[in-house]
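The next block is query34.cif, given as mmCIF, C-alpha atoms.
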data_final
#
loop_
_atom_site.label_atom_id
_atom_site.label_comp_id
_atom_site.auth_asym_id
_atom_site.auth_seq_id
_atom_site.Cartn_x
_atom_site.Cartn_y
_atom_site.Cartn_z
CA MET A 1 16.66 -13.87 48.75
CA LYS A 2 13.59 -15.75 47.55
CA ASP A 3 14.40 -18.79 49.73
CA LEU A 4 15.04 -16.49 52.69
CA LYS A 5 11.55 -14.99 52.36
CA LYS A 6 10.02 -18.46 52.21
CA TYR A 7 11.71 -19.56 55.41
CA ILE A 8 10.93 -16.28 57.19
CA ALA A 9 7.25 -16.75 56.31
CA GLY A 10 7.43 -20.31 57.57
CA LEU A 11 9.08 -19.26 60.82
CA ILE A 12 6.44 -16.58 61.41
CA GLY A 13 3.72 -19.22 61.06
CA ILE A 14 5.56 -21.54 63.44
CA VAL A 15 6.04 -18.78 66.04
CA ILE A 16 2.31 -18.00 65.93
CA MET A 17 1.42 -21.65 66.48
CA ILE A 18 3.99 -22.07 69.26
CA GLY A 19 2.28 -19.13 70.98
CA LEU A 20 -0.72 -21.43 71.41
CA PHE A 21 1.30 -23.47 73.92
CA PHE A 22 0.85 -20.70 76.45
CA VAL A 23 -2.94 -20.60 76.22
CA PRO A 24 -4.35 -21.65 79.62
CA VAL A 25 -6.10 -24.99 79.24
CA SER A 26 -7.37 -25.89 82.70
CA LYS A 27 -8.05 -24.32 86.05
CA ASN A 28 -7.12 -27.55 87.82
CA SER A 29 -3.44 -27.48 86.92
CA ALA A 30 -1.98 -28.03 90.39
CA LYS A 31 1.14 -30.16 90.54
CA THR A 32 0.42 -33.70 91.72
CA GLU A 33 2.70 -36.24 93.36
CA GLY A 34 2.81 -39.81 92.09
CA GLU A 35 1.53 -42.78 94.06
CA LEU A 36 4.67 -44.80 93.33
CA TYR A 37 8.11 -44.27 94.84
CA ALA A 38 11.46 -44.87 93.14
CA ALA A 39 13.83 -47.21 94.96
CA GLU A 40 16.93 -49.37 94.45
CA ILE A 41 17.10 -53.05 95.39
CA ILE A 42 19.86 -53.68 97.95
CA ASP A 43 19.49 -57.38 98.69
CA LEU A 44 17.16 -60.41 98.48
CA THR A 45 16.26 -61.63 101.99
CA ASP A 46 13.63 -64.34 101.53
CA ARG A 47 11.86 -66.41 98.90
CA LYS A 48 9.03 -68.86 99.42
CA THR A 49 6.24 -70.58 97.48
CA GLU A 50 2.77 -71.00 98.95
CA ASP A 51 -0.19 -73.08 97.78
CA SER A 52 -3.43 -71.11 97.99
CA GLY A 53 -6.58 -72.62 96.46
CA GLY A 54 -4.70 -74.72 93.95
CA TYR A 55 -2.46 -71.85 92.81
CA GLN A 56 1.25 -71.66 93.52
CA THR A 57 2.12 -68.16 94.71
CA VAL A 58 5.72 -66.96 94.90
CA MET A 59 6.66 -64.31 97.47
CA ILE A 60 10.08 -62.66 97.37
CA LYS A 61 11.26 -60.20 100.00
CA TYR A 62 13.90 -57.58 99.32
CA VAL A 63 15.67 -54.79 101.13
CA ALA A 64 15.16 -51.64 99.08
CA GLN A 65 16.48 -48.12 99.54
CA ILE A 66 14.03 -45.41 98.50
CA THR A 67 15.53 -42.79 96.19
CA ASP A 68 12.38 -40.65 95.94
CA GLU A 69 12.76 -37.26 97.64
CA ARG A 70 9.71 -37.91 99.85
CA TYR A 71 11.46 -40.77 101.71
CA LYS A 72 15.03 -40.22 100.52
CA ASP A 73 17.53 -42.97 101.57
CA LEU A 74 14.99 -44.79 103.77
CA LYS A 75 15.46 -48.58 103.70
CA VAL A 76 12.33 -50.74 103.65
CA GLU A 77 11.37 -54.39 103.21
CA ALA A 78 9.72 -54.70 99.81
CA GLU A 79 7.60 -57.65 98.72
CA ASP A 80 7.13 -59.03 95.21
CA ILE A 81 4.20 -61.46 94.91
CA TYR A 82 3.17 -63.27 91.72
CA GLU A 83 1.55 -66.50 90.55
CA GLN A 84 4.02 -69.23 89.63
CA GLY A 85 3.98 -70.08 85.93
CA THR A 86 3.02 -66.57 84.81
CA PRO A 87 5.61 -64.48 82.90
CA HIS A 88 7.49 -62.49 85.51
CA ILE A 89 10.93 -60.88 85.77
CA GLU A 90 12.40 -60.93 89.26
CA ALA A 91 14.44 -58.02 90.56
CA ARG A 92 18.13 -58.28 91.42
CA ALA A 93 20.46 -56.25 93.61
CA GLY A 94 21.15 -52.91 91.94
CA ASP A 95 17.87 -52.82 89.96
CA GLU A 96 15.79 -49.67 90.12
CA VAL A 97 12.14 -50.33 90.91
CA LEU A 98 8.91 -48.52 91.72
CA LEU A 99 7.30 -49.22 95.09
CA HIS A 100 3.71 -48.96 96.21
CA LEU A 101 3.74 -47.98 99.88
CA GLU A 102 1.04 -48.90 102.38
CA LYS A 103 1.19 -46.05 104.92
CA ASN A 104 -0.24 -45.31 108.34
CA GLU A 105 -2.83 -42.53 107.98
CA SER A 106 -2.01 -40.95 111.35
CA ASP A 107 1.74 -40.40 111.07
CA ASP A 108 2.45 -41.30 107.40
CA SER A 109 4.84 -44.06 108.44
CA ILE A 110 5.33 -47.01 106.08
CA ILE A 111 3.58 -50.25 107.05
CA ARG A 112 4.37 -52.38 103.98
CA ALA A 113 6.00 -51.91 100.57
CA TYR A 114 5.23 -53.76 97.33
CA ILE A 115 7.16 -53.77 94.07
CA ALA A 116 4.87 -52.28 91.40
CA GLY A 117 7.35 -52.55 88.53
CA PHE A 118 10.78 -51.64 87.26
CA LYS A 119 11.90 -48.02 86.87
CA ARG A 120 12.65 -47.63 83.16
CA ASP A 121 12.64 -43.88 82.52
CA LYS A 122 16.45 -43.61 82.26
CA LEU A 123 16.57 -46.35 79.62
CA LEU A 124 13.76 -44.69 77.67
CA ILE A 125 15.59 -41.36 77.78
CA ALA A 126 18.78 -43.06 76.58
CA LEU A 127 16.88 -44.67 73.69
CA ALA A 128 15.32 -41.32 72.80
CA ILE A 129 18.77 -39.68 72.78
CA ILE A 130 20.14 -42.42 70.49
CA PHE A 131 17.15 -41.92 68.19
CA ALA A 132 17.60 -38.14 68.08
CA LEU A 133 21.36 -38.37 67.47
CA LEU A 134 20.96 -40.86 64.63
CA VAL A 135 18.26 -38.73 62.98
CA ILE A 136 20.44 -35.60 63.20
CA VAL A 137 23.77 -37.27 62.25
CA ILE A 138 22.36 -39.13 59.25
CA GLY A 139 19.77 -36.55 58.21
CA ARG A 140 21.91 -33.48 59.00
CA ILE A 141 19.87 -30.30 58.47
CA LYS A 142 16.80 -32.30 57.39
CA GLY A 143 17.24 -34.53 60.42
CA LEU A 144 17.38 -31.50 62.72
CA GLN A 145 14.23 -30.14 61.09
CA ALA A 146 12.55 -33.51 61.59
CA MET A 147 13.40 -33.48 65.30
CA ILE A 148 12.09 -29.92 65.66
CA SER A 149 8.84 -30.93 63.96
CA LEU A 150 8.57 -33.98 66.25
CA VAL A 151 8.95 -31.82 69.36
CA PHE A 152 6.39 -29.42 67.89
CA THR A 153 3.91 -32.30 67.39
CA VAL A 154 4.43 -33.73 70.88
CA LEU A 155 3.93 -30.31 72.49
CA LEU A 156 0.71 -29.73 70.56
CA VAL A 157 -0.68 -33.06 71.71
CA LEU A 158 0.45 -32.76 75.34
CA LYS A 159 -0.15 -29.04 75.84
CA ILE A 160 -3.38 -28.49 73.89
CA LEU A 161 -5.12 -31.62 72.60
CA LEU A 162 -5.18 -33.78 75.74
CA PRO A 163 -5.82 -30.99 78.29
CA ARG A 164 -8.61 -29.46 76.17
CA ILE A 165 -10.32 -32.86 75.72
CA LEU A 166 -10.02 -33.40 79.46
CA ALA A 167 -11.57 -29.96 79.99
CA GLY A 168 -14.63 -31.07 77.98
CA ASP A 169 -13.98 -29.61 74.51
CA SER A 170 -15.26 -31.47 71.45
CA PRO A 171 -12.65 -34.06 70.42
CA ILE A 172 -13.88 -33.88 66.82
CA PHE A 173 -13.23 -30.20 66.17
CA LEU A 174 -10.20 -30.17 68.47
CA SER A 175 -8.52 -33.10 66.70
CA LEU A 176 -9.20 -31.53 63.29
CA PHE A 177 -7.67 -28.27 64.51
CA ILE A 178 -4.61 -29.99 66.03
CA ALA A 179 -4.12 -32.25 62.99
CA THR A 180 -4.16 -29.16 60.76
CA LEU A 181 -1.64 -27.35 63.00
CA ILE A 182 0.63 -30.41 63.10
CA THR A 183 0.47 -30.72 59.31
CA ILE A 184 1.14 -27.03 58.64
CA GLY A 185 3.85 -26.73 61.31
CA THR A 186 5.67 -29.94 60.34
CA LEU A 187 5.67 -29.30 56.60
CA LEU A 188 6.68 -25.65 57.03
CA ILE A 189 9.62 -26.69 59.22
CA ILE A 190 10.69 -29.39 56.76
CA SER A 191 10.16 -27.62 53.41
CA GLY A 192 9.55 -23.95 54.08
CA PHE A 193 6.71 -21.83 52.72
CA THR A 194 6.48 -23.15 49.13
CA ARG A 195 3.87 -24.41 46.66
CA LYS A 196 5.22 -27.90 47.27
CA THR A 197 4.42 -27.52 50.97
CA ALA A 198 0.99 -26.04 50.20
CA SER A 199 -0.01 -28.99 48.00
CA ALA A 200 1.18 -31.46 50.66
CA ILE A 201 -0.83 -29.62 53.32
CA ILE A 202 -3.98 -29.71 51.16
CA GLY A 203 -3.56 -33.45 50.51
CA THR A 204 -2.81 -34.32 54.14
CA VAL A 205 -5.65 -32.34 55.71
CA SER A 206 -8.14 -33.67 53.15
CA GLY A 207 -7.00 -37.28 53.60
CA VAL A 208 -7.17 -37.33 57.40
CA PHE A 209 -10.51 -35.49 57.34
CA PHE A 210 -12.05 -38.18 55.13
CA ALA A 211 -10.51 -40.91 57.30
CA GLY A 212 -11.98 -39.42 60.46
CA LEU A 213 -15.37 -38.72 58.85
CA LEU A 214 -15.63 -42.28 57.56
CA ALA A 215 -14.66 -43.74 60.94
CA TYR A 216 -17.15 -41.53 62.80
CA SER A 217 -19.97 -42.46 60.40
CA PHE A 218 -19.31 -46.19 60.68
CA SER A 219 -18.94 -46.06 64.47
CA TYR A 220 -22.25 -44.16 64.71
CA PHE A 221 -24.28 -46.46 62.46
CA SER A 222 -22.72 -49.64 63.86
CA LYS A 223 -23.39 -48.50 67.48
CA LEU A 224 -19.67 -48.63 68.25
CA ILE A 225 -18.27 -46.95 71.36
CA GLY A 226 -14.61 -47.57 70.62
CA PHE A 227 -13.45 -48.25 74.17
CA SER A 228 -13.46 -51.27 76.46
CA TYR A 229 -15.73 -51.37 79.51
CA GLU A 230 -12.77 -50.85 81.85
CA GLU A 231 -11.60 -47.77 79.92
CA ILE A 232 -15.11 -46.31 79.96
CA GLN A 233 -15.36 -46.90 83.71
CA MET A 234 -12.04 -45.18 84.32
CA LEU A 235 -12.91 -42.21 82.10
CA THR A 236 -16.38 -41.90 83.64
CA TYR A 237 -15.09 -41.51 87.19
CA ILE A 238 -12.12 -39.20 86.64
CA PRO A 239 -11.77 -36.32 89.17
CA GLN A 240 -12.58 -33.68 86.52
CA ASN A 241 -16.09 -35.19 85.97
CA THR A 242 -15.78 -34.64 82.22
CA LYS A 243 -18.57 -36.09 80.06
CA PHE A 244 -16.77 -37.59 77.09
CA ASP A 245 -18.04 -38.02 73.56
CA PHE A 246 -16.68 -41.54 72.98
CA ASN A 247 -17.46 -41.55 69.26
CA GLY A 248 -15.61 -38.25 69.05
CA LEU A 249 -12.64 -39.76 70.89
CA LEU A 250 -12.57 -42.62 68.39
CA PHE A 251 -12.65 -40.03 65.58
CA ALA A 252 -9.69 -38.21 67.15
CA ALA A 253 -7.72 -41.43 67.67
CA ILE A 254 -8.14 -42.50 64.04
CA LEU A 255 -7.36 -39.01 62.77
CA LEU A 256 -4.06 -38.83 64.66
CA GLY A 257 -3.23 -42.48 63.93
CA ALA A 258 -3.48 -41.93 60.18
CA LEU A 259 -1.88 -38.46 60.14
CA GLY A 260 1.76 -39.54 59.94
CA ALA A 261 1.29 -41.99 57.06
CA VAL A 262 -0.97 -39.61 55.14
CA MET A 263 1.51 -36.74 55.58
CA ASP A 264 4.31 -38.98 54.34
CA VAL A 265 2.36 -39.92 51.20
CA SER A 266 1.27 -36.38 50.37
CA MET A 267 4.77 -34.95 50.84
CA SER A 268 6.33 -37.73 48.73
CA ILE A 269 3.94 -37.11 45.84
CA SER A 270 4.26 -33.33 46.08
CA SER A 271 8.09 -33.47 46.16
CA ALA A 272 8.24 -35.89 43.23
CA LEU A 273 5.92 -33.76 41.08
CA TYR A 274 7.87 -30.62 41.98
CA GLU A 275 11.12 -32.22 40.79
CA ILE A 276 9.44 -33.48 37.59
CA LYS A 277 8.11 -30.00 36.85
CA GLN A 278 11.53 -28.44 37.50
CA VAL A 279 13.18 -30.83 35.04
CA ASN A 280 10.44 -30.48 32.42
CA PRO A 281 8.64 -27.12 32.80
CA SER A 282 6.71 -27.67 29.57
CA LEU A 283 4.95 -30.76 30.92
CA THR A 284 1.18 -30.36 30.66
CA GLY A 285 -1.10 -30.46 33.66
CA LYS A 286 -2.70 -33.69 32.43
CA ASN A 287 0.65 -35.49 32.18
CA LEU A 288 1.84 -34.07 35.50
CA PHE A 289 -1.32 -35.31 37.23
CA LYS A 290 -0.89 -38.70 35.57
CA SER A 291 2.68 -38.89 36.88
CA GLY A 292 1.44 -38.05 40.36
CA MET A 293 -1.14 -40.84 40.22
CA ASN A 294 1.47 -43.35 39.03
CA ILE A 295 3.82 -42.33 41.85
CA GLY A 296 0.94 -42.50 44.34
CA ARG A 297 -0.05 -46.00 43.24
CA ASP A 298 3.49 -47.25 43.85
CA ILE A 299 3.53 -45.65 47.30
CA MET A 300 0.05 -46.96 48.08
CA GLY A 301 1.18 -50.55 47.49
CA THR A 302 3.46 -50.46 50.53
CA MET A 303 1.71 -47.85 52.69
CA VAL A 304 -1.57 -49.79 52.73
CA ASN A 305 0.32 -52.74 54.18
CA THR A 306 2.08 -50.42 56.62
CA LEU A 307 -1.17 -49.18 58.16
CA ILE A 308 -2.90 -52.56 58.21
CA LEU A 309 0.14 -54.25 59.78
CA ALA A 310 0.49 -51.47 62.36
CA TYR A 311 -3.09 -51.95 63.57
CA THR A 312 -2.76 -55.75 63.40
CA GLY A 313 0.41 -55.59 65.48
CA SER A 314 -1.32 -53.54 68.18
CA SER A 315 -4.07 -56.22 68.43
CA LEU A 316 -1.84 -59.30 68.08
CA ASN A 317 -2.34 -60.55 71.65
CA LEU A 318 -6.10 -60.23 71.32
CA LEU A 319 -6.17 -62.09 68.00
CA ILE A 320 -4.11 -64.95 69.44
CA LEU A 321 -6.43 -65.12 72.46
CA LEU A 322 -9.55 -65.33 70.28
CA LEU A 323 -7.93 -67.94 68.05
CA ALA A 324 -6.91 -70.02 71.07
CA TYR A 325 -10.55 -70.30 72.18
CA ASN A 326 -11.59 -71.36 68.66
CA LYS A 327 -14.35 -68.77 68.29
CA PRO A 328 -16.41 -68.74 65.06
CA PHE A 329 -15.23 -66.16 62.55
CA ILE A 330 -18.59 -64.37 62.46
CA GLU A 331 -18.52 -64.08 66.26
CA ILE A 332 -14.97 -62.69 66.25
CA LEU A 333 -15.95 -60.20 63.56
CA ASN A 334 -18.68 -58.76 65.80
CA TYR A 335 -16.63 -58.23 68.95
CA ASP A 336 -16.45 -54.49 69.75
CA MET A 337 -12.67 -54.54 70.15
CA ILE A 338 -12.20 -56.27 66.79
CA VAL A 339 -14.67 -53.99 64.99
CA VAL A 340 -12.85 -50.93 66.38
CA GLU A 341 -9.49 -52.10 65.01
CA ILE A 342 -10.99 -52.96 61.62
CA VAL A 343 -12.65 -49.53 61.40
CA ARG A 344 -9.38 -47.85 62.44
CA ALA A 345 -7.33 -49.75 59.87
CA LEU A 346 -9.72 -49.44 56.92
CA SER A 347 -10.69 -45.80 57.60
CA GLY A 348 -7.05 -44.75 57.90
CA THR A 349 -6.15 -46.65 54.75
CA ILE A 350 -9.06 -45.14 52.78
CA GLY A 351 -7.93 -41.68 53.92
CA LEU A 352 -4.44 -42.50 52.67
CA ILE A 353 -5.78 -43.68 49.29
CA LEU A 354 -7.87 -40.52 48.85
CA THR A 355 -4.81 -38.42 49.66
CA ILE A 356 -3.13 -39.55 46.43
CA PRO A 357 -5.48 -37.95 43.85
CA ILE A 358 -6.10 -34.88 46.03
CA THR A 359 -2.37 -34.18 46.43
CA ALA A 360 -1.66 -34.90 42.77
CA LEU A 361 -4.42 -32.50 41.70
CA ALA A 362 -3.38 -29.76 44.15
CA ALA A 363 0.29 -30.07 43.10
CA THR A 364 -0.62 -29.99 39.41
CA LEU A 365 -2.71 -26.83 39.77
CA LEU A 366 -0.17 -25.02 41.97
CA PHE A 367 2.94 -25.97 39.92
CA ASN A 368 1.27 -25.12 36.60
CA GLN A 369 0.14 -21.79 38.00
CA GLN A 370 3.73 -21.11 39.11
CA SER A 371 5.18 -21.93 35.68
CA GLU A 372 2.57 -19.74 33.95
CA SER A 373 3.30 -16.80 36.24
CA SER A 374 7.07 -17.17 35.83
CA SER A 375 6.78 -17.41 32.01
CA SER A 376 4.66 -14.30 31.87
#

Hey, can you dump this file as structure tokens for me?
Amino acid sequence: MKDLKKYIAGLIGIVIMIGLFFVPVSKNSAKTEGELYAAEIIDLTDRKTEDSGGYQTVMIKYVAQITDERYKDLKVEAEDIYEQGTPHIEARAGDEVLLHLEKNESDDSIIRAYIAGFKRDKLLIALAIIFALLVIVIGRIKGLQAMISLVFTVLLVLKILLPRILAGDSPIFLSLFIATLITIGTLLIISGFTRKTASAIIGTVSGVFFAGLLAYSFSYFSKLIGFSYEEIQMLTYIPQNTKFDFNGLLFAAILLGALGAVMDVSMSISSALYEIKQVNPSLTGKNLFKSGMNIGRDIMGTMVNTLILAYTGSSLNLLILLLAYNKPFIEILNYDMIVVEIVRALSGTIGLILTIPITALAATLLFNQQSESSSS
């Protein structure tokens, strides 16, 4: 009966938050059609190499059948042009591709067609299905809860966070709000409405808040924008004419980037302390907190590497490029793109480290209060 009440309370909270999905976020929500058209390669008709200004250019011509509803079953000649020597995967008969069509403005007829890339959505869906099945089969009820929490997180980001930022809302307050909802919703789905969940929520929200605050402060004082010139140009001239707070966007990116790892750490510490307290109810608050810190230090040893390696992996190509040109270390250290990644990595890691004592303290206070109330 007690567990039933906990889960009912958790479900009520989840239902309330899911209701936020239906809040209107933008007046400009008309359905748009893509600029690319799905097609299937039927045959290769021609291949030639041309020398233009010292560069060898390869041109391949295909017959492609459009599968997009707008030009369903229409066969066109599609061209694939690339510079010889650059990494490139050529299409074969039966491959699904995306075409960019050059059309006549008067009658919408197709003048030329170019291959823009391969169509990969079916493979991505298949990979996602494999992922979901493995999580559910191996994790069983916990795996199902994890998938529900993942869907919950994705919907919050896609339905509220991104549209509201695009509509001009403050990314700082919005990301804090969404991070809090993701934390509460995910942990309620996974563990129900318990003191263990409450301590994990306190630790997670506090950790990501400090990570975001630290990143925002450093980006402000170091005059850091957080985006490349091309990204700024693209965001500046979007149809919605939104004026973005780029420091705020950096804050939001770091907050969400650190959220998963911080939530993992706080829940691990909270669960471990809960089990310790269940086994030894007479354990003092001081010893319980000490146990939490010891557990947190062990987790920190690997999680710090996890965050640093994740950010390093995302910048690997850039690091290789800078190394290839033999730039001085002090010069590399002052590139905007490098500074951004360092701030992301260190701020997220500091937030994770601060999560450990906060969660341990919150769990100690809540579990001791529970044992005192149950004994009385």

**Report entry** the PyMOL selection byres ((chain A and resi 295) around 9) applied to the shown file, residues as number ranges by chain
**Finding:** A: 268-269, 272-273, 290-294, 296-300, 356

Specify as a PDB file with C-alpha atoms, in the frame of the given file each residue included when the PyMOL selection byres ((chain A and resi 308) around 10) is applied to this file.
ATOM      1  CA  MET A 303       1.710 -47.850  52.690  1.00  0.00           C
ATOM      2  CA  VAL A 304      -1.570 -49.790  52.730  1.00  0.00           C
ATOM      3  CA  ASN A 305       0.320 -52.740  54.180  1.00  0.00           C
ATOM      4  CA  THR A 306       2.080 -50.420  56.620  1.00  0.00           C
ATOM      5  CA  LEU A 307      -1.170 -49.180  58.160  1.00  0.00           C
ATOM      6  CA  LEU A 309       0.140 -54.250  59.780  1.00  0.00           C
ATOM      7  CA  ALA A 310       0.490 -51.470  62.360  1.00  0.00           C
ATOM      8  CA  TYR A 311      -3.090 -51.950  63.570  1.00  0.00           C
ATOM      9  CA  THR A 312      -2.760 -55.750  63.400  1.00  0.00           C
ATOM     10  CA  GLY A 313       0.410 -55.590  65.480  1.00  0.00           C
ATOM     11  CA  GLU A 341      -9.490 -52.100  65.010  1.00  0.00           C
ATOM     12  CA  ILE A 342     -10.990 -52.960  61.620  1.00  0.00           C
ATOM     13  CA  ARG A 344      -9.380 -47.850  62.440  1.00  0.00           C
ATOM     14  CA  ALA A 345      -7.330 -49.750  59.870  1.00  0.00           C
ATOM     15  CA  LEU A 346      -9.720 -49.440  56.920  1.00  0.00           C
ATOM     16  CA  GLY A 348      -7.050 -44.750  57.900  1.00  0.00           C
ATOM     17  CA  THR A 349      -6.150 -46.650  54.750  1.00  0.00           C
TER      18      THR A 349
END

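Straight-line separation from CA of Gly257 (chain A) to CA of Leu319 (chain A): 20.2 Å.
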
**Report entry** A:Asp245, A:Asp95, A:Glu331, A:Asp80 ranked by distance to Ile42 (chain A), top pick (using only C-alpha atoms)
**Finding:** A:Asp95

Report task. Give as an NGL selection string the residues that the PyMOL selection byres ((chain A and resi 203-220) around 7) matches when applied to the coordinates above. Result -> :A and (180 or 199-202 or 221-225 or 247 or 251 or 254-255 or 258-259 or 262-263 or 266 or 343-344 or 347-348 or 350-352 or 354-355 or 358-359)

What does the file look like for those residues with C-alpha atoms, as a compact mmCIF listing (two decimals), in the frame of the given file?
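Below is the file part_7.txt, written as the result:
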# COMPACT_ATOMS: atom_id res chain seq x y z
CA THR A 180 -4.16 -29.16 60.76
CA SER A 199 -0.01 -28.99 48.00
CA ALA A 200 1.18 -31.46 50.66
CA ILE A 201 -0.83 -29.62 53.32
CA ILE A 202 -3.98 -29.71 51.16
CA PHE A 221 -24.28 -46.46 62.46
CA SER A 222 -22.72 -49.64 63.86
CA LYS A 223 -23.39 -48.50 67.48
CA LEU A 224 -19.67 -48.63 68.25
CA ILE A 225 -18.27 -46.95 71.36
CA ASN A 247 -17.46 -41.55 69.26
CA PHE A 251 -12.65 -40.03 65.58
CA ILE A 254 -8.14 -42.50 64.04
CA LEU A 255 -7.36 -39.01 62.77
CA ALA A 258 -3.48 -41.93 60.18
CA LEU A 259 -1.88 -38.46 60.14
CA VAL A 262 -0.97 -39.61 55.14
CA MET A 263 1.51 -36.74 55.58
CA SER A 266 1.27 -36.38 50.37
CA VAL A 343 -12.65 -49.53 61.40
CA ARG A 344 -9.38 -47.85 62.44
CA SER A 347 -10.69 -45.80 57.60
CA GLY A 348 -7.05 -44.75 57.90
CA ILE A 350 -9.06 -45.14 52.78
CA GLY A 351 -7.93 -41.68 53.92
CA LEU A 352 -4.44 -42.50 52.67
CA LEU A 354 -7.87 -40.52 48.85
CA THR A 355 -4.81 -38.42 49.66
CA ILE A 358 -6.10 -34.88 46.03
CA THR A 359 -2.37 -34.18 46.43

Query raised in the report: At a cut-off of 9 Å from (2.1, -28.4, 33.2) in the coordinates of the file, what residues are picked up using all atoms listed in the file, written as a ChimeraX atom specification?
Result: /A:277,280-289,364-365,367-369,371-372

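With all atoms listed in the file as the basis for measurement, A:Ile81 is the residue among A:Ile66, A:Ile81, A:Val151, A:Ala261 that approaches Thr49 (chain A) most closely.
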
For region 174-216 of chain A versus region 136-144 of chain A, which residues have an atom no more than 12 Å away, and what is each residue's nearest atom pair and distance in Å rounded to one decimal, using all atoms listed in the file, chain-then-number order, as CSV?
residue,atom,partner,partner_atom,distance
A:Thr186,CA,A:Lys142,CA,11.8
A:Leu187,CA,A:Lys142,CA,11.6
A:Ile189,CA,A:Lys142,CA,9.3
A:Ile190,CA,A:Lys142,CA,6.8
A:Ser191,CA,A:Lys142,CA,9.0
A:Gly192,CA,A:Lys142,CA,11.5

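For the pair CA of Thr194 (chain A) and CA of Ile160 (chain A), the separation is 27.2 Å.
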
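The nearest approach to Tyr37 (chain A) among the residues A:Arg70, A:Lys243, A:Lys103, A:Lys61, with all atoms listed in the file taken into account, belongs to A:Arg70.
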
Report task. Measuring atom to atom with all atoms listed in the file, identify which of A:Ile41, A:Ile60, A:Asp169, A:Lys48 is nearest to Leu74 (chain A). Result -> A:Ile41

Query - Nearby residues (all atoms listed in the file) at most 10 Å from Tyr114 (chain A), same-chain spacing under 5 positions excluded, as a ChimeraX atom specification - result: /A:36,61-62,76-81,98-102

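CA of Pro171 (chain A) lies 5.3 Å from CA of Gly248 (chain A).
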
Mind filling out region 276-287 of chain A with N, CA and C atoms and sending it as a PDB file, in the frame of the given file?
ATOM      1  N   ILE A 276       9.788 -33.207  38.994  1.00  0.00           N
ATOM      2  CA  ILE A 276       9.440 -33.480  37.590  1.00  0.00           C
ATOM      3  C   ILE A 276       9.178 -32.186  36.840  1.00  0.00           C
ATOM      4  N   LYS A 277       8.451 -31.283  37.482  1.00  0.00           N
ATOM      5  CA  LYS A 277       8.110 -30.000  36.850  1.00  0.00           C
ATOM      6  C   LYS A 277       9.351 -29.135  36.676  1.00  0.00           C
ATOM      7  N   GLN A 278      10.296 -29.218  37.614  1.00  0.00           N
ATOM      8  CA  GLN A 278      11.530 -28.440  37.500  1.00  0.00           C
ATOM      9  C   GLN A 278      12.370 -28.933  36.325  1.00  0.00           C
ATOM     10  N   VAL A 279      12.399 -30.247  36.138  1.00  0.00           N
ATOM     11  CA  VAL A 279      13.180 -30.830  35.040  1.00  0.00           C
ATOM     12  C   VAL A 279      12.511 -30.569  33.696  1.00  0.00           C
ATOM     13  N   ASN A 280      11.181 -30.647  33.670  1.00  0.00           N
ATOM     14  CA  ASN A 280      10.440 -30.480  32.420  1.00  0.00           C
ATOM     15  C   ASN A 280       9.307 -29.460  32.609  1.00  0.00           C
ATOM     16  N   PRO A 281       9.643 -28.158  32.553  1.00  0.00           N
ATOM     17  CA  PRO A 281       8.640 -27.120  32.800  1.00  0.00           C
ATOM     18  C   PRO A 281       7.500 -27.108  31.774  1.00  0.00           C
ATOM     19  N   SER A 282       7.739 -27.680  30.613  1.00  0.00           N
ATOM     20  CA  SER A 282       6.710 -27.670  29.570  1.00  0.00           C
ATOM     21  C   SER A 282       5.686 -28.800  29.717  1.00  0.00           C
ATOM     22  N   LEU A 283       5.866 -29.636  30.719  1.00  0.00           N
ATOM     23  CA  LEU A 283       4.950 -30.760  30.920  1.00  0.00           C
ATOM     24  C   LEU A 283       3.543 -30.249  31.192  1.00  0.00           C
ATOM     25  N   THR A 284       2.568 -30.817  30.502  1.00  0.00           N
ATOM     26  CA  THR A 284       1.180 -30.360  30.660  1.00  0.00           C
ATOM     27  C   THR A 284       0.608 -30.814  31.998  1.00  0.00           C
ATOM     28  N   GLY A 285      -0.452 -30.120  32.400  1.00  0.00           N
ATOM     29  CA  GLY A 285      -1.100 -30.460  33.660  1.00  0.00           C
ATOM     30  C   GLY A 285      -1.627 -31.880  33.669  1.00  0.00           C
ATOM     31  N   LYS A 286      -2.156 -32.340  32.535  1.00  0.00           N
ATOM     32  CA  LYS A 286      -2.700 -33.690  32.430  1.00  0.00           C
ATOM     33  C   LYS A 286      -1.615 -34.738  32.664  1.00  0.00           C
ATOM     34  N   ASN A 287      -0.458 -34.543  32.027  1.00  0.00           N
ATOM     35  CA  ASN A 287       0.650 -35.490  32.180  1.00  0.00           C
ATOM     36  C   ASN A 287       1.267 -35.430  33.572  1.00  0.00           C
TER      37      ASN A 287
END
